[in-house]
Structure formats: C-alpha cells, structure tokens
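A.B. asks: Sharing data.txt, compact mmCIF, N, CA and C atoms and all ligand atoms:
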# COMPACT_ATOMS: atom_id res chain seq x y z
N MET A 1 3.33 -161.91 -185.20
CA MET A 1 3.77 -161.58 -186.57
C MET A 1 2.59 -160.98 -187.34
N PRO A 2 2.76 -159.79 -187.92
CA PRO A 2 1.66 -159.18 -188.67
C PRO A 2 1.34 -159.98 -189.94
N ARG A 3 0.12 -159.82 -190.40
CA ARG A 3 -0.31 -160.44 -191.66
C ARG A 3 -0.51 -159.34 -192.70
N PRO A 4 -0.31 -159.67 -193.99
CA PRO A 4 -0.60 -158.67 -195.04
C PRO A 4 -2.08 -158.30 -195.01
N MET A 5 -2.40 -157.11 -195.47
CA MET A 5 -3.79 -156.64 -195.47
C MET A 5 -4.08 -155.84 -196.73
N ARG A 6 -5.36 -155.76 -197.08
CA ARG A 6 -5.79 -154.86 -198.13
C ARG A 6 -5.68 -153.42 -197.63
N ARG A 7 -5.22 -152.55 -198.53
CA ARG A 7 -5.07 -151.14 -198.17
C ARG A 7 -6.37 -150.53 -197.64
N ARG A 8 -7.49 -150.85 -198.28
CA ARG A 8 -8.75 -150.22 -197.84
C ARG A 8 -9.11 -150.64 -196.42
N LEU A 9 -8.71 -151.85 -196.02
CA LEU A 9 -9.00 -152.29 -194.65
C LEU A 9 -8.08 -151.59 -193.64
N VAL A 10 -6.85 -151.29 -194.08
CA VAL A 10 -5.94 -150.52 -193.22
C VAL A 10 -6.52 -149.12 -193.00
N LEU A 11 -6.99 -148.50 -194.08
CA LEU A 11 -7.55 -147.15 -193.96
C LEU A 11 -8.81 -147.16 -193.09
N ARG A 12 -9.61 -148.20 -193.20
CA ARG A 12 -10.82 -148.31 -192.39
C ARG A 12 -10.44 -148.43 -190.90
N ALA A 13 -9.41 -149.23 -190.62
CA ALA A 13 -8.98 -149.41 -189.22
C ALA A 13 -8.40 -148.12 -188.65
N LEU A 14 -7.65 -147.37 -189.48
CA LEU A 14 -7.11 -146.08 -189.03
C LEU A 14 -8.26 -145.14 -188.66
N ASP A 15 -9.26 -145.12 -189.51
CA ASP A 15 -10.43 -144.27 -189.29
C ASP A 15 -11.14 -144.67 -187.99
N ALA A 16 -11.34 -145.97 -187.84
CA ALA A 16 -12.04 -146.49 -186.65
C ALA A 16 -11.26 -146.21 -185.37
N ALA A 17 -9.91 -146.12 -185.48
CA ALA A 17 -9.07 -145.85 -184.31
C ALA A 17 -8.98 -144.35 -184.01
N GLY A 18 -9.63 -143.53 -184.83
CA GLY A 18 -9.64 -142.09 -184.57
C GLY A 18 -8.52 -141.33 -185.25
N CYS A 19 -7.79 -141.98 -186.15
CA CYS A 19 -6.72 -141.30 -186.88
C CYS A 19 -7.32 -140.39 -187.95
N THR A 20 -6.55 -139.38 -188.32
CA THR A 20 -7.05 -138.42 -189.31
C THR A 20 -6.12 -138.34 -190.52
N PHE A 21 -6.73 -138.12 -191.66
CA PHE A 21 -5.98 -137.98 -192.90
C PHE A 21 -5.13 -136.70 -192.84
N VAL A 22 -3.86 -136.80 -193.26
CA VAL A 22 -2.98 -135.62 -193.29
C VAL A 22 -2.76 -135.17 -194.73
N ARG A 23 -2.26 -136.07 -195.57
CA ARG A 23 -2.03 -135.70 -196.97
C ARG A 23 -1.87 -136.95 -197.84
N GLU A 24 -2.11 -136.72 -199.12
CA GLU A 24 -1.91 -137.78 -200.12
C GLU A 24 -0.59 -137.51 -200.82
N GLY A 25 0.30 -138.50 -200.81
CA GLY A 25 1.56 -138.34 -201.54
C GLY A 25 1.53 -139.19 -202.80
N ALA A 26 2.61 -139.16 -203.56
CA ALA A 26 2.69 -139.93 -204.79
C ALA A 26 2.65 -141.43 -204.50
N GLU A 27 3.29 -141.82 -203.39
CA GLU A 27 3.41 -143.25 -203.08
C GLU A 27 2.75 -143.66 -201.78
N HIS A 28 2.44 -142.68 -200.91
CA HIS A 28 1.88 -143.01 -199.60
C HIS A 28 0.72 -142.07 -199.26
N THR A 29 -0.16 -142.54 -198.39
CA THR A 29 -1.18 -141.70 -197.79
C THR A 29 -0.79 -141.54 -196.32
N VAL A 30 -0.69 -140.29 -195.86
CA VAL A 30 -0.22 -140.03 -194.49
C VAL A 30 -1.40 -139.80 -193.56
N TYR A 31 -1.34 -140.46 -192.39
CA TYR A 31 -2.36 -140.31 -191.35
C TYR A 31 -1.70 -139.93 -190.04
N ALA A 32 -2.41 -139.17 -189.21
CA ALA A 32 -1.95 -138.81 -187.87
C ALA A 32 -2.85 -139.50 -186.85
N CYS A 33 -2.24 -139.88 -185.71
CA CYS A 33 -2.99 -140.55 -184.65
C CYS A 33 -3.78 -139.54 -183.83
N PRO A 34 -4.69 -140.01 -182.98
CA PRO A 34 -5.49 -139.09 -182.17
C PRO A 34 -4.66 -138.29 -181.18
N CYS A 35 -3.54 -138.79 -180.68
CA CYS A 35 -2.76 -138.06 -179.67
C CYS A 35 -1.99 -136.90 -180.30
N GLY A 36 -1.82 -136.92 -181.61
CA GLY A 36 -1.16 -135.82 -182.30
C GLY A 36 0.35 -135.90 -182.36
N GLU A 37 0.94 -136.93 -181.79
CA GLU A 37 2.41 -137.03 -181.76
C GLU A 37 2.97 -138.04 -182.75
N HIS A 38 2.10 -138.81 -183.39
CA HIS A 38 2.58 -139.87 -184.27
C HIS A 38 1.93 -139.77 -185.64
N LYS A 39 2.71 -140.21 -186.63
CA LYS A 39 2.19 -140.27 -188.00
C LYS A 39 2.59 -141.59 -188.63
N THR A 40 1.83 -141.98 -189.64
CA THR A 40 2.19 -143.17 -190.39
C THR A 40 1.88 -142.95 -191.86
N ALA A 41 2.52 -143.74 -192.71
CA ALA A 41 2.33 -143.62 -194.15
C ALA A 41 1.89 -144.97 -194.70
N VAL A 42 0.75 -144.99 -195.38
CA VAL A 42 0.22 -146.22 -195.96
C VAL A 42 0.53 -146.23 -197.45
N PRO A 43 1.25 -147.25 -197.93
CA PRO A 43 1.58 -147.30 -199.37
C PRO A 43 0.33 -147.34 -200.23
N ARG A 44 0.42 -146.75 -201.41
CA ARG A 44 -0.73 -146.71 -202.32
C ARG A 44 -0.74 -147.94 -203.22
N HIS A 45 -0.77 -149.11 -202.57
CA HIS A 45 -0.90 -150.38 -203.28
C HIS A 45 -2.14 -151.09 -202.76
N THR A 46 -2.76 -151.89 -203.58
CA THR A 46 -3.95 -152.62 -203.14
C THR A 46 -3.66 -153.49 -201.93
N ASP A 47 -2.49 -154.13 -201.94
CA ASP A 47 -2.11 -155.01 -200.83
C ASP A 47 -0.94 -154.39 -200.06
N VAL A 48 -1.06 -154.38 -198.74
CA VAL A 48 0.00 -153.87 -197.87
C VAL A 48 0.71 -155.08 -197.26
N THR A 49 2.05 -155.12 -197.39
CA THR A 49 2.80 -156.29 -196.94
C THR A 49 2.81 -156.40 -195.41
N ALA A 50 3.12 -157.60 -194.93
CA ALA A 50 3.20 -157.85 -193.49
C ALA A 50 4.22 -156.94 -192.84
N GLY A 51 5.35 -156.71 -193.52
CA GLY A 51 6.40 -155.84 -192.97
C GLY A 51 5.91 -154.42 -192.77
N VAL A 52 5.17 -153.93 -193.74
CA VAL A 52 4.64 -152.56 -193.63
C VAL A 52 3.55 -152.49 -192.56
N ILE A 53 2.73 -153.53 -192.46
CA ILE A 53 1.72 -153.57 -191.39
C ILE A 53 2.42 -153.46 -190.03
N GLY A 54 3.52 -154.19 -189.86
CA GLY A 54 4.28 -154.13 -188.60
C GLY A 54 4.81 -152.72 -188.35
N SER A 55 5.28 -152.05 -189.40
CA SER A 55 5.78 -150.68 -189.27
C SER A 55 4.67 -149.72 -188.87
N ILE A 56 3.51 -149.86 -189.48
CA ILE A 56 2.38 -148.97 -189.16
C ILE A 56 2.02 -149.12 -187.69
N ILE A 57 1.98 -150.35 -187.20
CA ILE A 57 1.64 -150.60 -185.79
C ILE A 57 2.69 -149.94 -184.89
N LYS A 58 3.97 -150.07 -185.25
CA LYS A 58 5.05 -149.48 -184.44
C LYS A 58 5.01 -147.96 -184.45
N GLN A 59 4.62 -147.39 -185.60
CA GLN A 59 4.61 -145.92 -185.72
C GLN A 59 3.50 -145.27 -184.92
N LEU A 60 2.50 -146.06 -184.51
CA LEU A 60 1.36 -145.50 -183.76
C LEU A 60 1.25 -146.21 -182.41
N PRO A 61 2.24 -146.03 -181.53
CA PRO A 61 2.28 -146.79 -180.27
C PRO A 61 1.19 -146.39 -179.28
N CYS A 62 0.55 -145.25 -179.52
CA CYS A 62 -0.49 -144.79 -178.58
C CYS A 62 -1.82 -145.53 -178.78
N LEU A 63 -1.97 -146.23 -179.89
CA LEU A 63 -3.24 -146.92 -180.13
C LEU A 63 -3.29 -148.23 -179.34
N PRO A 64 -4.51 -148.65 -178.98
CA PRO A 64 -4.63 -149.88 -178.19
C PRO A 64 -4.13 -151.11 -178.96
N LYS A 65 -3.54 -152.03 -178.24
CA LYS A 65 -3.05 -153.27 -178.83
C LYS A 65 -4.18 -153.93 -179.62
N GLY A 66 -3.84 -154.41 -180.82
CA GLY A 66 -4.85 -155.11 -181.62
C GLY A 66 -5.74 -154.20 -182.46
N TRP A 67 -5.42 -152.90 -182.50
CA TRP A 67 -6.30 -151.99 -183.26
C TRP A 67 -6.31 -152.29 -184.74
N LEU A 68 -5.19 -152.83 -185.24
CA LEU A 68 -5.13 -153.09 -186.69
C LEU A 68 -5.41 -154.55 -187.03
N GLN A 69 -4.97 -155.47 -186.19
CA GLN A 69 -5.21 -156.90 -186.48
C GLN A 69 -5.60 -157.64 -185.20
ZN ZN B 1 -0.12 -141.07 -181.02
Show the structure stored in the file as structure tokens.
Ligand SMILES: [Zn+2]

C.D. replies:
Amino acid sequence: MPRPMRRRLVLRALDAAGCTFVREGAEHTVYACPCGEHKTAVPRHTDVTAGVIGSIIKQLPCLPKGWLQ
C-alpha cells in the first residue's frame, strides 16, 4: 500500500529515476520516464495522497520496483 508523500520528494525521486520534465499545467506537473513510452502527472499540492502515489507508480511500469517508496 503506498504512503502519502511530499510533492518535492516525489519530484526528487522522479529526477533520480531519470525521468524528465515535460510541462507545467495549472493543476499538474507532467514528467516522462526514461524509456519514452510513459508519462505521469504530479498534482501541484504540497502533499500527494497515497492514491495518487499508487497511480504514479502504475503509470511508470518501466521503473525498478521501489523507485518511489
Ligand atoms: Zn517507461
């Protein structure tokens, strides 16, 4: 079960996993994975809920298990 996380720590983990910034939206920041086939959107809130953390992990299946938590 995923745990909630601070947004800045999610962004740091994306960076460390080799993901790249795509664009800033009104409500989300979009990142692409290193393989180029997957994207994810991080909400622009200080705290990211456990449900969204689970979605981010699912949206980037090419990353190694445990990359985010
Ligand atoms: Zn990928």

A.B. asks: Counting only N, CA and C atoms and all ligand atoms, name the residues that have an atom within 6 Å of an atom of ligand ZN 1 (chain B); the answer should be given as a count of residues only.

C.D. replies: 10

A.B. asks: Within 8 Å of (5.2, -156.5, -195.3), in the coordinates the file gives, what residues turn up when you count all atoms listed in the file, written out as a list in words?

C.D. replies: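 Counting all atoms listed in the file, I find these residues within 8 Å of (5.2, -156.5, -195.3): Pro2, Arg3, Pro4, Met5, Val48, Thr49, Ala50, Gly51, Val52, Ile53, Gly54 and Ser55 of chain A.
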
A.B. asks: Kindly save the residues from that selection, with N, CA and C atoms included, as a tab-separated table (two decimals), in the frame of the given file.

C.D. replies:
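Final output, saved to part36.tsv:
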chain	number	residue	atom	x	y	z
A	2	PRO	N	2.76	-159.79	-187.92
A	2	PRO	CA	1.66	-159.18	-188.67
A	2	PRO	C	1.34	-159.98	-189.94
A	3	ARG	N	0.12	-159.82	-190.40
A	3	ARG	CA	-0.31	-160.44	-191.66
A	3	ARG	C	-0.51	-159.34	-192.70
A	4	PRO	N	-0.31	-159.67	-193.99
A	4	PRO	CA	-0.60	-158.67	-195.04
A	4	PRO	C	-2.08	-158.30	-195.01
A	5	MET	N	-2.40	-157.11	-195.47
A	5	MET	CA	-3.79	-156.64	-195.47
A	5	MET	C	-4.08	-155.84	-196.73
A	48	VAL	N	-1.06	-154.38	-198.74
A	48	VAL	CA	0.00	-153.87	-197.87
A	48	VAL	C	0.71	-155.08	-197.26
A	49	THR	N	2.05	-155.12	-197.39
A	49	THR	CA	2.80	-156.29	-196.94
A	49	THR	C	2.81	-156.40	-195.41
A	50	ALA	N	3.12	-157.60	-194.93
A	50	ALA	CA	3.20	-157.85	-193.49
A	50	ALA	C	4.22	-156.94	-192.84
A	51	GLY	N	5.35	-156.71	-193.52
A	51	GLY	CA	6.40	-155.84	-192.97
A	51	GLY	C	5.91	-154.42	-192.77
A	52	VAL	N	5.17	-153.93	-193.74
A	52	VAL	CA	4.64	-152.56	-193.63
A	52	VAL	C	3.55	-152.49	-192.56
A	53	ILE	N	2.73	-153.53	-192.46
A	53	ILE	CA	1.72	-153.57	-191.39
A	53	ILE	C	2.42	-153.46	-190.03
A	54	GLY	N	3.52	-154.19	-189.86
A	54	GLY	CA	4.28	-154.13	-188.60
A	54	GLY	C	4.81	-152.72	-188.35
A	55	SER	N	5.28	-152.05	-189.40
A	55	SER	CA	5.78	-150.68	-189.27
A	55	SER	C	4.67	-149.72	-188.87

A.B. asks: Can you work out the spacing between CA of Pro64 in chain A and CA of Cys19 in chain A in Å, to one decimal?

C.D. replies: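 Calculated distance between CA of Pro64 in chain A and CA of Cys19 in chain A is 12.4 Å.
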
A.B. asks: My list of candidates is A:Val10, A:Gly18, A:Arg44, A:Trp67. Which is closest to Ala32 in chain A when distances are computed with only C-alpha atoms?

C.D. replies: A:Gly18

A.B. asks: Grab the atom C of Val22 in chain A to CA of Asp47 in chain A distance for me, in Å with one decimal place.

C.D. replies: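 Value for the atom C of Val22 in chain A-CA of Asp47 in chain A distance: 20.8 Å.
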
A.B. asks: If you run DSSP on this backbone, which residues of chain A come out as strand (DSSP E or B), and could you give them as an MDAnalysis selection string?

C.D. replies: chainID A and resid 5:6 20:24 28:32 39:43 47:48
